[in-house]
file my_file-v2.tsv (TSV, C-alpha atoms and all ligand atoms)
chain	number	residue	atom	x	y	z
A	1	MET	CA	10.58	-2.22	320.52
A	2	SER	CA	11.60	-0.94	323.95
A	3	ILE	CA	13.31	2.38	323.15
A	4	LEU	CA	12.67	4.80	320.32
A	5	THR	CA	15.37	7.45	319.84
A	6	ILE	CA	15.17	10.51	317.69
A	7	GLY	CA	18.06	12.91	317.16
A	8	THR	CA	20.73	13.81	314.67
A	9	VAL	CA	22.79	11.25	312.80
A	10	ALA	CA	25.61	13.39	311.59
A	11	PHE	CA	29.12	14.24	310.57
A	12	ASP	CA	31.24	16.03	313.16
A	13	ALA	CA	34.65	17.69	312.94
A	14	ILE	CA	36.23	18.06	316.35
A	15	GLU	CA	39.20	19.88	317.74
A	16	THR	CA	40.44	19.19	321.27
A	17	PRO	CA	43.77	20.06	322.92
A	18	PHE	CA	44.85	16.51	321.95
A	19	GLY	CA	44.09	16.53	318.27
A	20	LYS	CA	41.77	17.30	315.45
A	21	THR	CA	39.52	15.14	313.28
A	22	ASP	CA	38.21	15.48	309.76
A	23	LYS	CA	34.56	14.56	309.30
A	24	ILE	CA	33.78	11.63	311.55
A	25	ILE	CA	30.52	9.92	312.46
A	26	GLY	CA	28.57	11.66	315.19
A	27	GLY	CA	25.10	12.88	316.00
A	28	ALA	CA	22.97	12.74	319.09
A	29	ALA	CA	20.89	9.71	318.01
A	30	THR	CA	24.03	7.82	317.06
A	31	TYR	CA	25.61	8.19	320.50
A	32	ILE	CA	22.33	7.62	322.36
A	33	SER	CA	21.33	4.48	320.53
A	34	LEU	CA	24.81	2.93	320.63
A	35	SER	CA	24.98	3.56	324.36
A	36	ALA	CA	21.47	2.18	325.01
A	37	SER	CA	22.33	-0.92	323.00
A	38	TYR	CA	24.39	-2.19	325.96
A	39	PHE	CA	21.13	-2.47	327.94
A	40	VAL	CA	18.41	-3.39	325.42
A	41	SER	CA	18.62	-5.23	322.12
A	42	ASN	CA	15.44	-3.87	320.56
A	43	SER	CA	15.65	-0.14	320.02
A	44	ALA	CA	14.90	1.95	316.96
A	45	ILE	CA	15.90	5.36	315.64
A	46	VAL	CA	14.10	8.03	313.65
A	47	SER	CA	16.41	10.45	311.86
A	48	VAL	CA	17.63	11.60	308.46
A	49	VAL	CA	20.96	11.56	306.62
A	50	GLY	CA	22.15	12.51	303.15
A	51	GLY	CA	23.55	10.31	300.41
A	52	ASP	CA	27.03	11.19	301.70
A	53	PHE	CA	26.53	9.17	304.89
A	54	PRO	CA	28.50	5.89	304.85
A	55	GLN	CA	26.52	2.67	304.73
A	56	GLU	CA	29.08	1.06	307.10
A	57	ALA	CA	28.14	3.49	309.86
A	58	ILE	CA	24.49	2.49	309.50
A	59	GLN	CA	25.56	-1.15	309.55
A	60	ASP	CA	27.50	-0.51	312.80
A	61	MET	CA	24.21	0.54	314.38
A	62	ARG	CA	22.35	-2.46	312.98
A	63	ASN	CA	25.07	-4.76	314.29
A	64	ARG	CA	24.25	-3.48	317.75
A	65	GLY	CA	20.58	-4.38	317.34
A	66	ILE	CA	19.39	-0.89	316.43
A	67	ASN	CA	16.49	-0.84	313.99
A	68	THR	CA	17.17	1.80	311.32
A	69	ASP	CA	13.89	1.55	309.34
A	70	GLY	CA	13.10	5.09	310.53
A	71	LEU	CA	16.40	6.50	309.23
A	72	GLU	CA	15.52	8.36	306.05
A	73	ILE	CA	18.30	8.57	303.47
A	74	ARG	CA	18.06	11.50	301.06
A	75	GLN	CA	20.41	10.53	298.27
A	76	ASN	CA	20.87	13.99	296.73
A	77	GLU	CA	21.36	15.92	299.93
A	78	LYS	CA	24.03	16.38	302.58
A	79	SER	CA	23.99	15.09	306.14
A	80	PHE	CA	23.79	17.37	309.18
A	81	PHE	CA	27.28	18.69	309.96
A	82	TRP	CA	28.55	20.08	313.23
A	83	SER	CA	32.01	21.26	314.13
A	84	GLY	CA	33.27	22.23	317.57
A	85	LYS	CA	36.43	23.24	319.36
A	86	TYR	CA	37.07	22.47	323.02
A	87	HIS	CA	38.83	24.77	325.42
A	88	ASN	CA	41.75	23.56	327.48
A	89	ASP	CA	39.64	22.36	330.40
A	90	LEU	CA	37.45	20.30	328.01
A	91	ASN	CA	34.36	21.39	329.96
A	92	SER	CA	33.44	24.10	327.52
A	93	ARG	CA	33.48	24.32	323.77
A	94	ASP	CA	32.69	26.65	320.93
A	95	THR	CA	30.48	25.58	318.09
A	96	LEU	CA	32.31	26.52	314.89
A	97	VAL	CA	29.79	25.30	312.32
A	98	THR	CA	26.23	23.97	312.37
A	99	GLU	CA	24.98	23.03	308.89
A	100	LEU	CA	21.43	21.73	309.15
A	101	ASN	CA	21.38	20.39	305.55
A	102	VAL	CA	18.88	17.45	305.51
A	103	LEU	CA	17.58	18.52	308.90
A	104	ALA	CA	16.31	21.88	307.62
A	105	ASP	CA	13.01	20.46	306.36
A	106	PHE	CA	12.99	17.02	307.96
A	107	LYS	CA	9.53	15.51	308.49
A	108	PRO	CA	9.99	12.60	310.86
A	109	VAL	CA	7.95	9.46	310.30
A	110	VAL	CA	7.80	6.99	313.17
A	111	PRO	CA	7.54	3.50	311.64
A	112	ALA	CA	4.29	1.68	312.53
A	113	SER	CA	6.29	-0.95	314.43
A	114	ALA	CA	7.65	1.71	316.82
A	115	ARG	CA	4.49	3.70	317.58
A	116	LYS	CA	3.78	1.96	320.86
A	117	THR	CA	7.34	2.01	322.19
A	118	PRO	CA	7.27	2.54	325.99
A	119	PHE	CA	10.53	4.54	326.28
A	120	LEU	CA	10.93	7.57	324.05
A	121	MET	CA	14.25	9.39	323.90
A	122	LEU	CA	14.04	12.80	322.28
A	123	GLY	CA	17.67	13.46	321.46
A	124	ASN	CA	18.96	16.85	320.50
A	125	LEU	CA	17.00	18.08	317.47
A	126	THR	CA	14.61	20.86	316.49
A	127	PRO	CA	12.00	21.06	319.26
A	128	ASP	CA	9.21	21.07	316.62
A	129	ILE	CA	10.40	17.70	315.37
A	130	GLN	CA	10.65	16.37	318.91
A	131	ARG	CA	7.00	17.33	319.45
A	132	GLU	CA	5.90	15.92	316.12
A	133	VAL	CA	7.33	12.54	317.13
A	134	ILE	CA	5.43	12.57	320.43
A	135	HIS	CA	2.22	13.26	318.49
A	136	GLN	CA	2.86	10.31	316.17
A	137	MET	CA	2.97	7.83	319.07
A	138	GLU	CA	-0.19	5.74	319.28
A	139	GLU	CA	0.10	5.44	323.05
A	140	ARG	CA	1.66	7.92	325.46
A	141	PRO	CA	5.05	6.34	326.23
A	142	LYS	CA	5.68	5.24	329.81
A	143	LEU	CA	8.62	7.66	329.91
A	144	ILE	CA	9.70	10.51	327.65
A	145	VAL	CA	13.24	11.81	328.13
A	146	MET	CA	14.29	14.96	326.30
A	147	ASP	CA	17.70	16.41	325.61
A	148	THR	CA	18.33	19.79	324.03
A	149	MET	CA	21.02	22.45	323.81
A	150	ASN	CA	21.71	26.19	323.84
A	151	PHE	CA	21.52	26.32	320.02
A	152	TRP	CA	17.75	25.64	320.18
A	153	MET	CA	17.31	27.98	323.17
A	154	ASP	CA	18.86	30.74	321.05
A	155	ILE	CA	16.70	30.24	317.98
A	156	ALA	CA	13.54	28.36	319.08
A	157	MET	CA	12.89	29.00	322.78
A	158	ASP	CA	9.08	29.16	322.46
A	159	SER	CA	8.87	25.89	320.60
A	160	LEU	CA	11.28	24.32	323.09
A	161	LYS	CA	9.02	25.34	325.96
A	162	GLU	CA	6.03	23.75	324.17
A	163	THR	CA	7.91	20.45	323.91
A	164	LEU	CA	9.01	20.68	327.55
A	165	LYS	CA	5.35	20.58	328.63
A	166	LEU	CA	5.05	17.08	327.16
A	167	VAL	CA	8.06	15.30	328.64
A	168	ASP	CA	8.93	13.52	331.90
A	169	VAL	CA	12.71	13.98	332.15
A	170	LEU	CA	14.89	16.79	330.79
A	171	THR	CA	18.67	16.45	330.53
A	172	ILE	CA	20.72	19.60	330.00
A	173	ASN	CA	24.06	20.97	331.12
A	174	ASP	CA	24.55	23.63	333.79
A	175	GLU	CA	24.95	26.54	331.37
A	176	GLU	CA	21.81	25.50	329.51
A	177	ALA	CA	19.87	25.21	332.80
A	178	ARG	CA	20.88	28.79	333.58
A	179	GLN	CA	19.91	30.01	330.12
A	180	LEU	CA	16.55	28.22	330.20
A	181	SER	CA	15.56	29.42	333.67
A	182	GLY	CA	17.31	32.80	333.88
A	183	GLU	CA	18.57	31.74	337.32
A	184	TYR	CA	22.24	31.43	338.29
A	185	SER	CA	21.78	29.10	341.27
A	186	LEU	CA	21.24	25.58	339.93
A	187	VAL	CA	18.80	24.86	342.76
A	188	LYS	CA	16.66	27.83	341.75
A	189	ALA	CA	17.12	26.95	338.08
A	190	ALA	CA	15.91	23.41	338.74
A	191	ARG	CA	12.88	24.65	340.64
A	192	ALA	CA	11.94	26.92	337.74
A	193	ILE	CA	12.49	24.22	335.08
A	194	LEU	CA	10.45	21.65	337.01
A	195	GLN	CA	7.54	24.12	336.73
A	196	MET	CA	7.83	24.03	332.93
A	197	GLY	CA	6.70	20.41	332.51
A	198	PRO	CA	9.26	17.74	333.32
A	199	LYS	CA	8.94	15.95	336.66
A	200	PHE	CA	12.62	15.06	336.68
A	201	LEU	CA	15.57	17.22	335.69
A	202	ILE	CA	19.14	16.07	335.16
A	203	ILE	CA	21.78	18.77	335.09
A	204	LYS	CA	25.05	17.50	333.60
A	205	LYS	CA	28.24	19.14	334.81
A	206	GLY	CA	30.82	17.46	332.58
A	207	GLU	CA	33.77	16.16	334.57
A	208	HIS	CA	31.99	17.30	337.73
A	209	GLY	CA	29.19	14.75	337.45
A	210	ALA	CA	25.42	15.10	337.25
A	211	LEU	CA	22.55	16.21	339.48
A	212	LEU	CA	19.07	14.70	339.46
A	213	PHE	CA	16.20	16.85	340.72
A	214	HIS	CA	12.67	15.64	341.50
A	215	GLY	CA	10.31	17.67	343.67
A	216	LYS	CA	12.41	18.64	346.69
A	217	GLU	CA	14.83	15.72	346.29
A	218	ILE	CA	18.32	15.98	344.84
A	219	PHE	CA	20.75	13.18	343.96
A	220	PHE	CA	24.33	13.73	342.86
A	221	ALA	CA	26.58	11.33	340.94
A	222	PRO	CA	30.22	12.18	340.28
A	223	ALA	CA	32.00	11.64	336.98
A	224	LEU	CA	34.82	9.14	337.12
A	225	PRO	CA	38.22	10.84	337.32
A	226	LEU	CA	39.84	9.49	334.15
A	227	GLU	CA	43.49	9.46	333.19
A	228	GLU	CA	42.79	9.96	329.51
A	229	VAL	CA	40.09	12.22	328.14
A	230	PHE	CA	40.41	12.77	324.40
A	231	ASP	CA	37.07	14.00	323.19
A	232	PRO	CA	33.99	14.91	325.26
A	233	THR	CA	31.75	15.07	322.16
A	234	GLY	CA	28.69	12.91	322.63
A	235	ALA	CA	29.28	12.40	326.34
A	236	GLY	CA	25.91	13.95	327.15
A	237	ASP	CA	24.11	11.80	324.58
A	238	THR	CA	25.95	8.68	325.68
A	239	PHE	CA	24.93	9.49	329.24
A	240	ALA	CA	21.29	9.81	328.13
A	241	GLY	CA	21.49	6.50	326.24
A	242	GLY	CA	22.83	4.66	329.27
A	243	PHE	CA	20.25	6.36	331.49
A	244	ILE	CA	17.20	5.44	329.39
A	245	GLY	CA	18.73	2.07	328.46
A	246	TYR	CA	18.99	1.07	332.09
A	247	LEU	CA	15.44	2.27	332.85
A	248	ALA	CA	14.04	0.39	329.84
A	249	LYS	CA	15.86	-2.77	330.86
A	250	THR	CA	14.64	-2.64	334.46
A	251	LYS	CA	11.19	-1.15	333.55
A	252	ASP	CA	11.26	0.82	336.79
A	253	ILE	CA	10.96	4.61	336.48
A	254	SER	CA	11.03	5.48	340.19
A	255	PHE	CA	13.34	8.23	341.50
A	256	GLN	CA	15.25	5.51	343.38
A	257	ASN	CA	15.92	3.53	340.21
A	258	MET	CA	16.83	6.70	338.31
A	259	LYS	CA	19.79	6.98	340.70
A	260	ASN	CA	21.07	3.63	339.36
A	261	ALA	CA	20.34	4.78	335.82
A	262	ILE	CA	22.46	7.88	336.38
A	263	ILE	CA	25.37	5.73	337.51
A	264	TYR	CA	25.09	3.61	334.35
A	265	GLY	CA	24.70	6.71	332.19
A	266	SER	CA	27.84	8.18	333.76
A	267	ALA	CA	29.70	4.91	333.25
A	268	MET	CA	28.81	4.87	329.54
A	269	ALA	CA	29.81	8.54	329.16
A	270	SER	CA	33.19	7.78	330.73
A	271	PHE	CA	33.91	5.30	327.91
A	272	CYS	CA	32.77	7.73	325.23
A	273	VAL	CA	35.35	10.40	326.10
A	274	GLU	CA	38.32	8.02	325.97
A	275	LYS	CA	38.47	8.07	322.16
A	276	PHE	CA	37.41	10.42	319.39
A	277	GLY	CA	33.85	10.02	318.14
A	278	THR	CA	31.84	6.85	318.63
A	279	GLU	CA	34.81	4.46	318.41
A	280	ARG	CA	34.79	3.40	322.05
A	281	LEU	CA	31.06	2.64	321.96
A	282	LEU	CA	31.22	0.08	319.20
A	283	ASN	CA	32.94	-2.82	320.94
A	284	LEU	CA	32.53	-2.77	324.69
A	285	SER	CA	31.88	-5.96	326.59
A	286	ARG	CA	29.17	-6.37	329.18
A	287	SER	CA	31.76	-6.95	331.91
A	288	GLU	CA	33.56	-3.70	331.03
A	289	VAL	CA	30.27	-1.83	331.49
A	290	VAL	CA	29.46	-3.52	334.80
A	291	ASP	CA	33.04	-3.03	336.12
A	292	ARG	CA	32.92	0.65	335.24
A	293	ALA	CA	29.61	1.08	337.09
A	294	ARG	CA	31.18	-0.66	340.13
A	295	GLN	CA	34.05	1.83	340.05
A	296	PHE	CA	31.47	4.58	340.40
A	297	ILE	CA	29.93	2.95	343.41
A	298	GLN	CA	33.39	2.60	344.99
A	299	LEU	CA	34.09	6.24	344.30
A	300	VAL	CA	31.22	7.37	346.50
A	301	ASP	CA	31.21	4.44	348.94
A	302	THR	CA	31.57	5.92	352.36
A	303	ASP	CA	31.73	4.49	355.83
A	304	LEU	CA	32.08	7.83	357.51
A	305	LYS	CA	30.48	8.33	360.91
A	306	LEU	CA	29.15	11.84	360.74
A	307	GLU	CA	27.92	12.37	364.31
A	308	LEU	CA	29.57	15.29	366.05
A	309	GLN	CA	31.42	14.13	369.18
A	310	ASP	CA	31.86	16.25	372.33
B	401	LIG	P1	27.04	16.35	323.08
B	401	LIG	O1	28.53	16.44	323.11
B	401	LIG	O2	26.50	15.24	323.95
B	401	LIG	O3	26.37	17.65	323.29
B	401	LIG	O4	26.62	15.89	321.61
B	401	LIG	C1	27.35	16.22	320.49
B	401	LIG	C2	26.62	15.71	319.26
B	401	LIG	O5	25.47	16.51	319.05
B	401	LIG	C3	27.47	15.81	318.03
B	401	LIG	O6	27.72	14.50	317.55
B	401	LIG	C4	26.68	16.65	317.05
B	401	LIG	O7	26.55	16.06	315.78
B	401	LIG	C5	25.33	16.80	317.68
B	401	LIG	N1	24.87	18.19	317.59
B	401	LIG	C6	25.59	19.33	317.66
B	401	LIG	N2	24.82	20.42	317.52
B	401	LIG	C7	23.55	19.96	317.38
B	401	LIG	C8	22.28	20.61	317.19
B	401	LIG	N3	22.13	21.94	317.14
B	401	LIG	N4	21.19	19.81	317.10
B	401	LIG	C9	21.31	18.49	317.16
B	401	LIG	N5	22.47	17.81	317.32
B	401	LIG	C10	23.58	18.55	317.42

call {"tool": "encode", "arguments": {"input": "my_file-v2.tsv", "output": "structure tokens", "more": "lines below"}}
Ligand code: AMP
result
Amino acid sequence: MSILTIGTVAFDAIETPFGKTDKIIGGAATYISLSASYFVSNSAIVSVVGGDFPQEAIQDMRNRGINTDGLEIRQNEKSFFWSGKYHNDLNSRDTLVTELNVLADFKPVVPASARKTPFLMLGNLTPDIQREVIHQMEERPKLIVMDTMNFWMDIAMDSLKETLKLVDVLTINDEEARQLSGEYSLVKAARAILQMGPKFLIIKKGEHGALLFHGKEIFFAPALPLEEVFDPTGAGDTFAGGFIGYLAKTKDISFQNMKNAIIYGSAMASFCVEKFGTERLLNLSRSEVVDRARQFIQLVDTDLKLELQD
């Protein structure tokens, strides 16, 4: 196994200015693992769903080489459900409903075959569960990447800070970085968050790209200006899946290589938002992924001569 992902596998109901869905397949672990599957063919997930979760959706993951032995199915219970409504600019959204259901008392069990996995992706989930999974690993993974969101900052900040001490990379959005650090300036926020545990911090800014912080270094990658954006749900998770997927494939966790990983993560996220839910992530070709990453490089390719002339 090269990547182990934990996170929600869920039902979502989404409303954007372009339409509305009933319950569709979502969840942080779903987006992450589908996205990472374009880079590695041997990943696994640990999560929980209820008996209401369709078998076909699990099969879609298996078809992409994702091992689902760690996906517990509780026949008599309901899956995690989240509903959100996006504002007109699509960069911000309101959570309408969060029903924890099976997640409320979930006790994750990492299958024996995944306990030495070198890349651990802690997708959005209760910070206690994220920590529990780290403790179940037989060897400290080479890289632990953690995602989280304001929901957990509101109700479980202390636990979240405990988990932060144990991870290498944190990915959050700009608002969450401000909430976590209490700082408005993202540079100051990053400095404060890098004191909390992670050595690398990625701040996602939706359609405005992503920033990577490490020590005093900062790298910025834009988001691709797209003609059609239907549904930003899962973009952050898809980004994380592409990011860790690329690192696991190349086995190089240097700051320099993380810049490439951010470009691939951004490329994957740009596919995700083109359709509702996970649809776009099920059938991409390798050349589509590589072409999209090239478009990113072209976007920032510059031949400018910046010397000031007299
Ligand atoms: P993103 O748009 O990248 O933030 O991810 C959206 C996904 O996160 C949706 O598919 C939801 O099912 C899932 N999600 C929403 N709220 C939570 C939460 N509190 N904990 C874990 N996953 C969540």

call {"tool": "closest_atom_pairs", "arguments": {"input": "my_file-v2.tsv", "of": "chain A", "to": "ligand LIG 401 (chain B)", "cutoff": "7 Å", "atoms": "all atoms listed in the file", "output": "CSV"}}
result
residue,atom,partner,partner_atom,distance
A:Gly7,CA,B:LIG401,C9,6.5
A:Thr8,CA,B:LIG401,N5,5.1
A:Val9,CA,B:LIG401,O7,6.8
A:Ala10,CA,B:LIG401,O7,5.1
A:Phe11,CA,B:LIG401,O7,6.1
A:Asp12,CA,B:LIG401,O7,5.4
A:Gly26,CA,B:LIG401,O6,3.8
A:Gly27,CA,B:LIG401,O6,3.4
A:Ala28,CA,B:LIG401,O5,4.5
A:Phe81,CA,B:LIG401,O7,6.4
A:Trp82,CA,B:LIG401,O7,5.2
A:Thr98,CA,B:LIG401,N2,6.4
A:Asn124,CA,B:LIG401,C9,4.4
A:Leu125,CA,B:LIG401,C9,4.3
A:Thr126,CA,B:LIG401,N4,6.7
A:Met149,CA,B:LIG401,N3,6.8
A:Phe151,CA,B:LIG401,N3,5.3
A:Trp152,CA,B:LIG401,N3,6.5
A:Pro232,CA,B:LIG401,O1,6.1
A:Thr233,CA,B:LIG401,O1,3.6
A:Gly234,CA,B:LIG401,O2,3.5
A:Ala235,CA,B:LIG401,O2,4.6
A:Gly236,CA,B:LIG401,O2,3.5
A:Asp237,CA,B:LIG401,O2,4.2
A:Thr238,CA,B:LIG401,O2,6.8

call {"tool": "closest_residue", "arguments": {"input": "my_file-v2.tsv", "among": "A:Gly51, A:Gly245, A:Pro108, A:Gly206", "to": "Ile134 of chain A", "atoms": "only C-alpha atoms"}}
result
A:Pro108

call {"tool": "closest_residue", "arguments": {"input": "my_file-v2.tsv", "among": "A:Ser83, A:Lys23, A:Gln55, A:Leu170", "to": "Thr95 of chain A", "atoms": "only C-alpha atoms"}}
result
A:Ser83

call {"tool": "closest_residue", "arguments": {"input": "my_file-v2.tsv", "among": "A:Glu56, A:Asp168, A:Glu176, A:Asp158", "to": "Leu194 of chain A", "atoms": "all atoms listed in the file"}}
result
A:Asp168

call {"tool": "closest_residue", "arguments": {"input": "my_file-v2.tsv", "among": "A:Thr30, A:Ile253, A:Glu307, A:Leu186", "to": "Pro141 of chain A", "atoms": "all atoms listed in the file"}}
result
A:Ile253

call {"tool": "residues_around", "arguments": {"input": "my_file-v2.tsv", "residues": "segment 63-72 of chain A", "least_positions_apart": "5", "cutoff": "12 Å", "atoms": "all atoms listed in the file", "output": "PDB file with C-alpha atoms, in the coordinates of the input"}}
result
ATOM      1  CA  MET A   1      10.580  -2.220 320.520  1.00  0.00           C
ATOM      2  CA  SER A   2      11.600  -0.940 323.950  1.00  0.00           C
ATOM      3  CA  ILE A   3      13.310   2.380 323.150  1.00  0.00           C
ATOM      4  CA  LEU A   4      12.670   4.800 320.320  1.00  0.00           C
ATOM      5  CA  THR A   5      15.370   7.450 319.840  1.00  0.00           C
ATOM      6  CA  ILE A   6      15.170  10.510 317.690  1.00  0.00           C
ATOM      7  CA  GLY A   7      18.060  12.910 317.160  1.00  0.00           C
ATOM      8  CA  THR A   8      20.730  13.810 314.670  1.00  0.00           C
ATOM      9  CA  VAL A   9      22.790  11.250 312.800  1.00  0.00           C
ATOM     10  CA  ALA A  10      25.610  13.390 311.590  1.00  0.00           C
ATOM     11  CA  ALA A  29      20.890   9.710 318.010  1.00  0.00           C
ATOM     12  CA  THR A  30      24.030   7.820 317.060  1.00  0.00           C
ATOM     13  CA  TYR A  31      25.610   8.190 320.500  1.00  0.00           C
ATOM     14  CA  ILE A  32      22.330   7.620 322.360  1.00  0.00           C
ATOM     15  CA  SER A  33      21.330   4.480 320.530  1.00  0.00           C
ATOM     16  CA  LEU A  34      24.810   2.930 320.630  1.00  0.00           C
ATOM     17  CA  SER A  35      24.980   3.560 324.360  1.00  0.00           C
ATOM     18  CA  ALA A  36      21.470   2.180 325.010  1.00  0.00           C
ATOM     19  CA  SER A  37      22.330  -0.920 323.000  1.00  0.00           C
ATOM     20  CA  TYR A  38      24.390  -2.190 325.960  1.00  0.00           C
ATOM     21  CA  PHE A  39      21.130  -2.470 327.940  1.00  0.00           C
ATOM     22  CA  VAL A  40      18.410  -3.390 325.420  1.00  0.00           C
ATOM     23  CA  SER A  41      18.620  -5.230 322.120  1.00  0.00           C
ATOM     24  CA  ASN A  42      15.440  -3.870 320.560  1.00  0.00           C
ATOM     25  CA  SER A  43      15.650  -0.140 320.020  1.00  0.00           C
ATOM     26  CA  ALA A  44      14.900   1.950 316.960  1.00  0.00           C
ATOM     27  CA  ILE A  45      15.900   5.360 315.640  1.00  0.00           C
ATOM     28  CA  VAL A  46      14.100   8.030 313.650  1.00  0.00           C
ATOM     29  CA  SER A  47      16.410  10.450 311.860  1.00  0.00           C
ATOM     30  CA  VAL A  48      17.630  11.600 308.460  1.00  0.00           C
ATOM     31  CA  VAL A  49      20.960  11.560 306.620  1.00  0.00           C
ATOM     32  CA  GLY A  50      22.150  12.510 303.150  1.00  0.00           C
ATOM     33  CA  GLY A  51      23.550  10.310 300.410  1.00  0.00           C
ATOM     34  CA  PHE A  53      26.530   9.170 304.890  1.00  0.00           C
ATOM     35  CA  GLN A  55      26.520   2.670 304.730  1.00  0.00           C
ATOM     36  CA  GLU A  56      29.080   1.060 307.100  1.00  0.00           C
ATOM     37  CA  ALA A  57      28.140   3.490 309.860  1.00  0.00           C
ATOM     38  CA  ILE A  58      24.490   2.490 309.500  1.00  0.00           C
ATOM     39  CA  GLU A  77      21.360  15.920 299.930  1.00  0.00           C
ATOM     40  CA  SER A  79      23.990  15.090 306.140  1.00  0.00           C
ATOM     41  CA  VAL A 102      18.880  17.450 305.510  1.00  0.00           C
ATOM     42  CA  LEU A 103      17.580  18.520 308.900  1.00  0.00           C
ATOM     43  CA  PHE A 106      12.990  17.020 307.960  1.00  0.00           C
ATOM     44  CA  LYS A 107       9.530  15.510 308.490  1.00  0.00           C
ATOM     45  CA  PRO A 108       9.990  12.600 310.860  1.00  0.00           C
ATOM     46  CA  VAL A 109       7.950   9.460 310.300  1.00  0.00           C
ATOM     47  CA  VAL A 110       7.800   6.990 313.170  1.00  0.00           C
ATOM     48  CA  PRO A 111       7.540   3.500 311.640  1.00  0.00           C
ATOM     49  CA  ALA A 112       4.290   1.680 312.530  1.00  0.00           C
ATOM     50  CA  SER A 113       6.290  -0.950 314.430  1.00  0.00           C
ATOM     51  CA  ALA A 114       7.650   1.710 316.820  1.00  0.00           C
ATOM     52  CA  ARG A 115       4.490   3.700 317.580  1.00  0.00           C
ATOM     53  CA  VAL A 133       7.330  12.540 317.130  1.00  0.00           C
ATOM     54  CA  LEU A 281      31.060   2.640 321.960  1.00  0.00           C
ATOM     55  CA  LEU A 282      31.220   0.080 319.200  1.00  0.00           C
ATOM     56  CA  ASN A 283      32.940  -2.820 320.940  1.00  0.00           C
ATOM     57  CA  LEU A 284      32.530  -2.770 324.690  1.00  0.00           C
ATOM     58  CA  SER A 285      31.880  -5.960 326.590  1.00  0.00           C
TER      59      SER A 285
END

call {"tool": "residues_around", "arguments": {"input": "my_file-v2.tsv", "residues": "Ile297 of chain A", "least_positions_apart": "6", "cutoff": "10 Å", "atoms": "all atoms listed in the file", "output": "PyMOL selection string"}}
result
chain A and resi 221-222+260+263+291

call {"tool": "write_last_selection", "arguments": {"input": "my_file-v2.tsv", "atoms": "C-alpha atoms", "output": "short mmCIF file (atom, residue, chain, number, x, y, z; two decimals), in the frame of the given file"}}
result
data_model
loop_
_atom_site.label_atom_id
_atom_site.label_comp_id
_atom_site.auth_asym_id
_atom_site.auth_seq_id
_atom_site.Cartn_x
_atom_site.Cartn_y
_atom_site.Cartn_z
CA ALA A 221 26.58 11.33 340.94
CA PRO A 222 30.22 12.18 340.28
CA ASN A 260 21.07 3.63 339.36
CA ILE A 263 25.37 5.73 337.51
CA ASP A 291 33.04 -3.03 336.12
#

call {"tool": "closest_residue", "arguments": {"input": "my_file-v2.tsv", "among": "A:Phe255, A:Phe276, A:Phe200, A:Phe18", "to": "Phe213 of chain A", "atoms": "all atoms listed in the file"}}
result
A:Phe200

call {"tool": "atom_distance", "arguments": {"input": "my_file-v2.tsv", "atom1": "atom CA of Glu279 of chain A", "atom2": "atom CA of Ala13 of chain A"}}
result
14.3 Å

call {"tool": "residues_around", "arguments": {"input": "my_file-v2.tsv", "residues": "Lys216 of chain A", "least_positions_apart": "3", "cutoff": "10 Å", "atoms": "only C-alpha atoms", "output": "list in words"}}
result
Val187, Ala190, Arg191 and Phe213 of chain A

call {"tool": "atom_distance", "arguments": {"input": "my_file-v2.tsv", "atom1": "atom CA of Val290 of chain A", "atom2": "atom CA of Val229 of chain A"}}
result
20.1 Å

call {"tool": "atom_distance", "arguments": {"input": "my_file-v2.tsv", "atom1": "atom CA of Val289 of chain A", "atom2": "atom CA of Tyr264 of chain A"}}
result
8.0 Å

call {"tool": "closest_residue", "arguments": {"input": "my_file-v2.tsv", "among": "A:Phe243, A:Met137, A:His208, A:Glu228", "to": "Phe271 of chain A", "atoms": "only C-alpha atoms"}}
result
A:Glu228

call {"tool": "axis_aligned_box", "arguments": {"input": "my_file-v2.tsv", "around": "segment 285-290 of chain A", "padding_each_side": "3 Å", "output": "AutoDock Vina command-line options"}}
result
--center_x 31.4 --center_y -4.4 --center_z 330.7 --size_x 10.4 --size_y 11.1 --size_z 14.2

call {"tool": "residues_near_point", "arguments": {"input": "my_file-v2.tsv", "point": "(27.0, 20.7, 331.8)", "cutoff": "6 Å", "atoms": "all atoms listed in the file", "output": "PDB file with C-alpha atoms, keeping the file's coordinate frame"}}
result
ATOM      1  CA  ASN A 173      24.060  20.970 331.120  1.00  0.00           C
ATOM      2  CA  ASP A 174      24.550  23.630 333.790  1.00  0.00           C
ATOM      3  CA  LYS A 204      25.050  17.500 333.600  1.00  0.00           C
ATOM      4  CA  LYS A 205      28.240  19.140 334.810  1.00  0.00           C
ATOM      5  CA  GLY A 206      30.820  17.460 332.580  1.00  0.00           C
TER       6      GLY A 206
END
